[in-house]
Amino acid sequence: MKKYISELIGTFILSLVVALAVGGGAFSISIPVLAAIIIGIFFYTIGGISGAHLNPAVTIAMIATKEIEGKQGIAYLASQFIGGAFALVVAGMFNLSSNLPSTSVSMGSGIAEAVGAFVFAFGVGAVYYKKVNSTISGIVVGMSFIIGVSIAGLLGSYGFINPSISLASGVFDMFYLLGP
C-alpha cells in the first residue's frame with residue numbers, strides 16, 4: 001500500500017505544481033526546471049518505496065518490460081491518475097488551470113509527446129539499468145525530463161510528456177494521453 005500512496009502523493013504534487021505554474025503565468029523558475037527538481041527530489045525520497053514512476057508512461061514501460069506485474073502496474077496507474085485528478089481539483093479551486101498558451105491539439109501533438117517521452121524514458125532506463133552512478137540518478141532523471149519536455153514543446157505540443165500532468169492541467173485529449 002505504501003507504493004501506491006507514494007505514487008499518488010508524488011504524482012499529485014508534481015501535477016499540481018505544473019498545473020499551478022502553467023495556469024499562474026509568470027514564475028521565477030521555468031516550468032520544466034521546476035518539474036525536474038520535483039521529479040529528482042521524489043526519485044531520492046520515494047524511489048526506494050515505489051520506484052518513483054510518477055508518470056503512467058514510465059509505469060507502462062515497467063509493465064511491458066515485466067519489471068512489475070500487471071496488477072501492481074494497474075494499481076500504480078490508478079494512483080497516478082487519481083493524483084492527477086486531485087491536482088486538477090485543487091488547481092481548479094484557484095481558477096489557474098485554464099491559462100494554457102494556444103497550441104494545436106493534433107496527431108502532431110501526440111507524436112511530439114511520444115518523442116519527448118522517449119527521451120525521458122531513455123534517461124529513466126539508464127538509471128534503472130544502473131548505467132548511471134546512483135548518487136546522480138535523480139539528476140539524470142530530472143535532466144532527461146527537461147530535455148524531453150523541451151523537445152516535445154519545440155515540436156509543437158504543450159510538452160507535458162505525462163498524462164497525469166495533462167489531466168491536472170485540464171487537457172483532456174487522446175494525443176496527450178496516448179502520446180507518452
# chains A, B, ... in the order shown; residues from 1 in each chain; ligands from 1
>>> residues_around(residues="Phe122 in chain A", least_positions_apart="4", cutoff="8 Å", atoms="only C-alpha atoms", output="PyMOL selection string")
chain A and resi 118+126+144
>>> residues_around(residues="Ser109 in chain A", least_positions_apart="6", cutoff="9 Å", atoms="only C-alpha atoms", output="number ranges by chain")
A: 103, 152-153, 155-159, 175-176, 179
>>> closest_residue(among="A:Val127, A:Ala52, A:Ile136, A:Val58", to="Leu8 in chain A", atoms="only C-alpha atoms")
A:Ala52
>>> select_by_dssp(residues="chain A", states="alpha helix (DSSP H)", output="PyMOL selection string")
chain A and resi 2-24+31-50+56-64+70-93+107-128+137-154+163-168+174-178
>>> residues_around(residues="Ala57 in chain A", least_positions_apart="6", cutoff="8 Å", atoms="only C-alpha atoms", output="count of residues only")
4
>>> residues_around(residues="Phe160 in chain A", least_positions_apart="4", cutoff="7 Å", atoms="only C-alpha atoms", output="PyMOL selection string")
chain A and resi 149+165-166
>>> write_last_selection(atoms="all heavy atoms", output="PDB file, in the first residue's frame")
ATOM      1  N   VAL A 149      10.768  17.294 -22.270  1.00  0.00           N
ATOM      2  CA  VAL A 149       9.742  18.345 -22.300  1.00  0.00           C
ATOM      3  C   VAL A 149      10.120  19.413 -23.318  1.00  0.00           C
ATOM      4  O   VAL A 149       9.272  19.901 -24.073  1.00  0.00           O
ATOM      5  CB  VAL A 149       9.564  18.965 -20.890  1.00  0.00           C
ATOM      6  CG1 VAL A 149       8.804  20.271 -20.949  1.00  0.00           C
ATOM      7  CG2 VAL A 149       8.860  17.980 -19.973  1.00  0.00           C
ATOM      8  N   ILE A 165      -0.037  14.897 -15.650  1.00  0.00           N
ATOM      9  CA  ILE A 165       0.143  16.355 -15.690  1.00  0.00           C
ATOM     10  C   ILE A 165      -0.832  16.959 -16.692  1.00  0.00           C
ATOM     11  O   ILE A 165      -1.433  18.016 -16.437  1.00  0.00           O
ATOM     12  CB  ILE A 165       1.600  16.719 -16.043  1.00  0.00           C
ATOM     13  CG1 ILE A 165       2.533  16.315 -14.897  1.00  0.00           C
ATOM     14  CG2 ILE A 165       1.732  18.213 -16.337  1.00  0.00           C
ATOM     15  CD1 ILE A 165       4.014  16.515 -15.194  1.00  0.00           C
ATOM     16  N   SER A 166      -1.030  16.299 -17.813  1.00  0.00           N
ATOM     17  CA  SER A 166      -2.005  16.757 -18.801  1.00  0.00           C
ATOM     18  C   SER A 166      -3.390  16.842 -18.170  1.00  0.00           C
ATOM     19  O   SER A 166      -4.093  17.846 -18.312  1.00  0.00           O
ATOM     20  CB  SER A 166      -2.017  15.804 -19.992  1.00  0.00           C
ATOM     21  OG  SER A 166      -3.005  16.156 -20.913  1.00  0.00           O
TER      22      SER A 166
END
>>> residues_around(residues="Val18 in chain A", least_positions_apart="2", cutoff="12 Å", atoms="only C-alpha atoms", output="number ranges by chain")
A: 11-16, 20-25, 27, 29-39, 84, 87-88, 91, 96-97, 100, 158-162, 164-170
>>> closest_residue(among="A:Ile151, A:Ala85, A:Val90, A:Ile49", to="Gly116 in chain A", atoms="only C-alpha atoms")
A:Ile151
>>> closest_residue(among="A:Gly110, A:Gly48, A:Gly83, A:Gly73", to="Ile9 in chain A", atoms="only C-alpha atoms")
A:Gly83
